[in-house]
>>> print(open('start_7.csv').read())   # CSV, C-alpha atoms
chain,number,residue,atom,x,y,z
V,1447,MET,CA,73.4,-3.6,-7.9
V,1448,LEU,CA,69.8,-4.9,-7.4
V,1449,GLU,CA,68.4,-1.7,-8.7
V,1450,LYS,CA,70.2,-2.2,-11.9
V,1451,LEU,CA,68.9,-5.8,-12.2
V,1452,HIS,CA,65.4,-4.6,-11.4
V,1453,ALA,CA,65.5,-2.1,-14.2
V,1454,ASP,CA,67.0,-4.5,-16.8
V,1455,LYS,CA,64.4,-7.0,-17.9
V,1456,ASP,CA,66.8,-8.8,-20.3
V,1457,LYS,CA,69.2,-9.6,-17.4
V,1458,GLN,CA,66.2,-10.8,-15.4
V,1459,LEU,CA,65.2,-13.2,-18.1
V,1460,ILE,CA,68.8,-14.5,-18.4
V,1461,LEU,CA,69.0,-14.9,-14.7
V,1462,GLY,CA,65.7,-16.7,-14.6
V,1463,LEU,CA,66.8,-19.0,-17.4
V,1464,LEU,CA,70.1,-19.8,-15.6
V,1465,LEU,CA,68.4,-20.4,-12.3
V,1466,GLY,CA,65.8,-22.6,-14.0
V,1467,ILE,CA,68.5,-24.7,-15.6
V,1468,CYS,CA,70.2,-25.1,-12.2
V,1469,PHE,CA,66.9,-26.1,-10.6
V,1470,GLY,CA,66.2,-28.6,-13.5
V,1471,PHE,CA,69.7,-30.0,-13.0
V,1472,LEU,CA,69.1,-30.5,-9.3
V,1473,LEU,CA,65.7,-32.2,-10.0
V,1474,GLN,CA,67.4,-34.5,-12.5
V,1475,ARG,CA,70.3,-35.3,-10.1
V,1476,SER,CA,67.9,-36.1,-7.3
V,1477,GLY,CA,66.1,-38.6,-9.5
V,1478,VAL,CA,62.6,-37.0,-9.4
V,1479,THR,CA,62.5,-36.8,-13.2
V,1480,HIS,CA,62.1,-40.5,-13.5
V,1481,TYR,CA,58.6,-41.9,-13.8
V,1482,ASP,CA,59.5,-44.9,-11.5
V,1483,VAL,CA,60.6,-42.6,-8.7
V,1484,ILE,CA,57.4,-40.6,-8.9
V,1485,LEU,CA,55.2,-43.7,-9.1
V,1486,SER,CA,57.0,-45.1,-6.1
V,1487,GLN,CA,56.3,-41.9,-4.2
V,1488,LEU,CA,52.6,-42.1,-5.1
V,1489,LEU,CA,52.6,-45.7,-3.8
V,1490,LEU,CA,54.4,-44.5,-0.6
V,1491,ARG,CA,57.4,-46.7,-1.2
V,1492,ASP,CA,60.0,-44.1,-2.0
V,1493,PHE,CA,59.9,-40.6,-0.4
V,1494,THR,CA,62.5,-39.0,-2.6
V,1495,VAL,CA,60.0,-36.6,-4.2
V,1496,VAL,CA,58.7,-35.5,-0.7
V,1497,LYS,CA,62.3,-35.0,0.5
V,1498,VAL,CA,63.3,-32.9,-2.5
V,1499,MET,CA,60.1,-30.7,-2.3
V,1500,LEU,CA,60.4,-30.2,1.5
V,1501,THR,CA,64.0,-29.3,1.1
V,1502,ALA,CA,63.0,-26.7,-1.5
V,1503,VAL,CA,60.3,-25.4,0.8
V,1504,VAL,CA,62.8,-24.8,3.6
V,1505,VAL,CA,65.4,-23.2,1.4
V,1506,GLY,CA,62.8,-21.0,-0.3
V,1507,MET,CA,61.0,-20.0,2.9
V,1508,VAL,CA,64.2,-19.2,4.8
V,1509,GLY,CA,65.8,-17.5,1.8
V,1510,VAL,CA,62.9,-15.3,0.9
V,1511,HIS,CA,62.3,-14.2,4.5
V,1512,ALA,CA,66.0,-13.6,5.0
V,1513,LEU,CA,66.2,-11.4,1.9
V,1514,ARG,CA,63.0,-9.6,3.1
V,1515,SER,CA,64.4,-9.0,6.5
V,1516,LEU,CA,67.6,-7.6,5.0
V,1517,GLY,CA,65.5,-5.2,2.9
V,1518,VAL,CA,66.7,-6.7,-0.4
V,1519,VAL,CA,63.3,-7.8,-1.6
V,1520,GLU,CA,59.7,-6.9,-1.0
V,1521,LEU,CA,56.9,-9.5,-1.0
V,1522,HIS,CA,54.0,-8.8,-3.3
V,1523,LEU,CA,51.3,-11.2,-2.2
V,1524,LYS,CA,48.6,-12.3,-4.6
V,1525,SER,CA,45.1,-12.7,-3.2
V,1526,GLY,CA,43.8,-16.2,-3.2
V,1527,SER,CA,40.4,-18.0,-3.1
V,1528,ILE,CA,38.9,-21.4,-2.6
V,1529,GLY,CA,37.8,-21.4,-6.3
V,1530,SER,CA,41.2,-20.7,-7.7
V,1531,THR,CA,42.8,-23.2,-5.4
V,1532,VAL,CA,40.3,-25.9,-6.4
V,1533,ILE,CA,40.6,-25.2,-10.1
V,1534,GLY,CA,44.4,-25.1,-9.9
V,1535,GLY,CA,44.5,-28.3,-7.9
V,1536,LEU,CA,42.2,-30.1,-10.4
V,1537,ILE,CA,44.3,-28.9,-13.4
V,1538,PHE,CA,47.5,-30.0,-11.6
V,1539,GLY,CA,46.0,-33.3,-10.5
V,1540,VAL,CA,44.7,-34.3,-13.9
V,1541,GLY,CA,48.0,-33.5,-15.6
V,1542,PHE,CA,49.9,-35.3,-12.9
V,1543,ALA,CA,47.6,-38.4,-13.1
V,1544,LEU,CA,47.8,-38.6,-16.9
V,1545,LEU,CA,51.5,-38.1,-17.2
V,1546,GLY,CA,53.2,-38.7,-13.9
V,1547,TYR,CA,55.0,-35.4,-13.9
V,1548,CYS,CA,54.4,-32.0,-12.3
V,1549,PRO,CA,55.4,-29.0,-14.4
V,1550,GLY,CA,58.9,-28.7,-12.9
V,1551,THR,CA,59.7,-32.4,-13.2
V,1552,ALA,CA,58.2,-32.4,-16.7
V,1553,ALA,CA,60.6,-29.6,-17.9
V,1554,ALA,CA,63.6,-31.3,-16.2
V,1555,ALA,CA,62.7,-34.7,-17.7
V,1556,ALA,CA,62.3,-33.1,-21.1
V,1557,GLY,CA,65.7,-31.6,-20.7
V,1558,GLN,CA,67.2,-35.0,-20.0
V,1559,GLY,CA,65.6,-36.3,-23.2
V,1560,SER,CA,62.4,-38.0,-22.0
V,1561,LEU,CA,60.1,-37.9,-24.9
V,1562,ASP,CA,57.0,-38.5,-22.9
V,1563,ALA,CA,57.8,-35.4,-20.9
V,1564,LEU,CA,58.6,-33.4,-24.0
V,1565,PHE,CA,55.5,-34.3,-26.0
V,1566,GLY,CA,53.1,-35.0,-23.2
V,1567,GLY,CA,54.3,-32.6,-20.5
V,1568,ILE,CA,55.7,-29.6,-22.3
V,1569,ALA,CA,53.0,-29.8,-25.0
V,1570,GLY,CA,50.4,-30.2,-22.2
V,1571,ILE,CA,51.8,-27.2,-20.3
V,1572,ILE,CA,51.6,-25.0,-23.4
V,1573,LEU,CA,48.2,-26.2,-24.5
V,1574,GLY,CA,46.8,-25.9,-20.9
V,1575,SER,CA,48.2,-22.5,-20.5
V,1576,TRP,CA,46.7,-21.3,-23.7
V,1577,LEU,CA,43.3,-22.8,-22.9
V,1578,PHE,CA,43.4,-21.2,-19.4
V,1579,ALA,CA,44.4,-17.8,-20.9
V,1580,LEU,CA,41.4,-18.0,-23.2
V,1581,ALA,CA,39.0,-19.0,-20.4
V,1582,TYR,CA,40.5,-16.6,-17.8
V,1583,PRO,CA,38.4,-13.5,-18.5
V,1584,LYS,CA,35.2,-15.5,-17.8
V,1585,LEU,CA,36.7,-17.5,-15.0
V,1586,SER,CA,38.1,-14.5,-13.2
V,1587,ARG,CA,34.7,-13.0,-12.8
V,1588,GLY,CA,33.2,-16.3,-11.6
V,1589,ILE,CA,34.6,-19.4,-10.0
V,1590,LEU,CA,38.1,-18.0,-9.5
V,1591,LYS,CA,36.7,-15.4,-7.1
V,1592,MET,CA,34.6,-17.8,-5.1
V,1593,GLY,CA,35.7,-17.9,-1.5
V,1594,ASP,CA,38.1,-15.0,-1.9
V,1595,PHE,CA,40.3,-14.8,1.2
V,1596,GLY,CA,42.6,-11.9,0.1
V,1597,ASP,CA,46.3,-11.8,0.5
V,1598,ILE,CA,46.4,-13.0,4.1
V,1599,THR,CA,49.4,-14.8,5.5
V,1600,ILE,CA,49.7,-16.9,8.6
V,1601,PRO,CA,52.0,-14.4,10.4
V,1602,ARG,CA,49.7,-11.5,9.5
V,1603,LEU,CA,46.6,-13.5,10.6
V,1604,LEU,CA,48.3,-14.3,14.0
V,1605,GLY,CA,49.8,-10.8,14.2
V,1606,VAL,CA,53.4,-12.0,14.7
V,1607,ASP,CA,56.7,-11.4,13.0
V,1608,PRO,CA,57.1,-13.9,10.1
V,1609,TRP,CA,60.2,-15.4,11.8
V,1610,PHE,CA,57.9,-16.7,14.6
V,1611,ILE,CA,56.4,-19.0,12.0
V,1612,VAL,CA,59.4,-19.6,9.6
V,1613,VAL,CA,61.7,-20.9,12.3
V,1614,PRO,CA,59.4,-23.5,13.9
V,1615,VAL,CA,58.0,-24.6,10.5
V,1616,ALA,CA,61.5,-25.0,9.1
V,1617,GLY,CA,62.6,-26.9,12.2
V,1618,LEU,CA,59.6,-29.2,11.9
V,1619,ILE,CA,60.3,-29.9,8.2
V,1620,VAL,CA,64.0,-30.5,8.9
V,1621,GLY,CA,63.0,-32.9,11.7
V,1622,LEU,CA,60.6,-34.7,9.3
V,1623,LEU,CA,63.4,-34.9,6.7
V,1624,ALA,CA,65.7,-36.4,9.3
V,1625,TRP,CA,63.1,-38.9,10.3
V,1626,LEU,CA,62.4,-40.0,6.7
V,1627,GLU,CA,66.1,-40.4,6.1
V,1628,ALA,CA,66.6,-42.4,9.3
V,1629,ALA,CA,63.6,-44.6,8.5
V,1630,GLY,CA,65.1,-45.3,5.1
V,1631,LEU,CA,62.1,-43.9,3.3
>>> encode(input="start_7.csv", output="structure tokens")
Amino acid sequence: MLEKLHADKDKQLILGLLLGICFGFLLQRSGVTHYDVILSQLLLRDFTVVKVMLTAVVVGMVGVHALRSLGVVELHLKSGSIGSTVIGGLIFGVGFALLGYCPGTAAAAAGQGSLDALFGGIAGIILGSWLFALAYPKLSRGILKMGDFGDITIPRLLGVDPWFIVVPVAGLIVGLLAWLEAAGL
């Protein structure tokens, strides 16, 4: 079944669209598409955004490694660098500071009818992507390669099976989530 899906790019696009709609729906239902919730997170008054993102990290981390362990998927790691991380962080940070949305919450907020997310967020994502694509050939030979650290992972660095990292990290995150909930944050 997965071989057929892998070969059919149209079905992959449809599946991606449907999963994106589901993810956007969950973001909207959790409340993180509202500017006040995001602002309250930045002011450390409401930890809804952190709880949603940490939940996504646990589900994604366990899900990807479970699928990998079952032989259903292969991980294709992309090498990283200090330069690309700094540039990406700056672009993300400027967009977040100006609008109050990250790309995922901007798309979900636009989907719920928030005009600031549609005209500021989605337009900004498109414009920023276009500008980055124009600058990429030059950036890829320079700053994006600075401090290249390859496609290393923590399990590979430590020489252990990924589950020796996934299980304790997932446990720590679940514990943090439980603490945040118990503390009323």
>>> atom_distance(input="start_7.csv", atom1="CA of Ala1563 (chain V)", atom2="CA of Ala1581 (chain V)")
25.0 Å
>>> atom_distance(input="start_7.csv", atom1="CA of Trp1576 (chain V)", atom2="CA of Asp1456 (chain V)")
23.9 Å
>>> closest_atom_pairs(input="start_7.csv", of="region 1480-1502 of chain V", to="region 1530-1550 of chain V", cutoff="8 Å", atoms="only C-alpha atoms", output="Markdown table")
| residue | atom | partner | partner_atom | distance |
| --- | --- | --- | --- | --- |
| V:Tyr1481 | CA | V:Gly1546 | CA | 6.3 |
| V:Ile1484 | CA | V:Gly1546 | CA | 6.8 |
| V:Leu1485 | CA | V:Gly1546 | CA | 7.2 |
>>> residues_around(input="start_7.csv", residues="region 1594-1597 of chain V", least_positions_apart="6", cutoff="8 Å", atoms="all atoms listed in the file", output="ChimeraX atom specification")
/V:1523-1529
>>> write_last_selection(input="start_7.csv", atoms="C-alpha atoms", output="compact mmCIF listing (two decimals), keeping the file's coordinate frame")
# COMPACT_ATOMS: atom_id res chain seq x y z
CA LEU V 1523 51.30 -11.20 -2.20
CA LYS V 1524 48.60 -12.30 -4.60
CA SER V 1525 45.10 -12.70 -3.20
CA GLY V 1526 43.80 -16.20 -3.20
CA SER V 1527 40.40 -18.00 -3.10
CA ILE V 1528 38.90 -21.40 -2.60
CA GLY V 1529 37.80 -21.40 -6.30
>>> closest_residue(input="start_7.csv", among="V:Gly1567, V:Gly1621, V:Pro1608, V:Leu1631", to="Val1510 (chain V)", atoms="only C-alpha atoms")
V:Pro1608
>>> atom_distance(input="start_7.csv", atom1="CA of Val1478 (chain V)", atom2="CA of Asp1562 (chain V)")
14.7 Å
>>> closest_residue(input="start_7.csv", among="V:Pro1583, V:Val1505, V:Leu1516, V:Ile1568", to="Ile1619 (chain V)", atoms="all atoms listed in the file")
V:Val1505
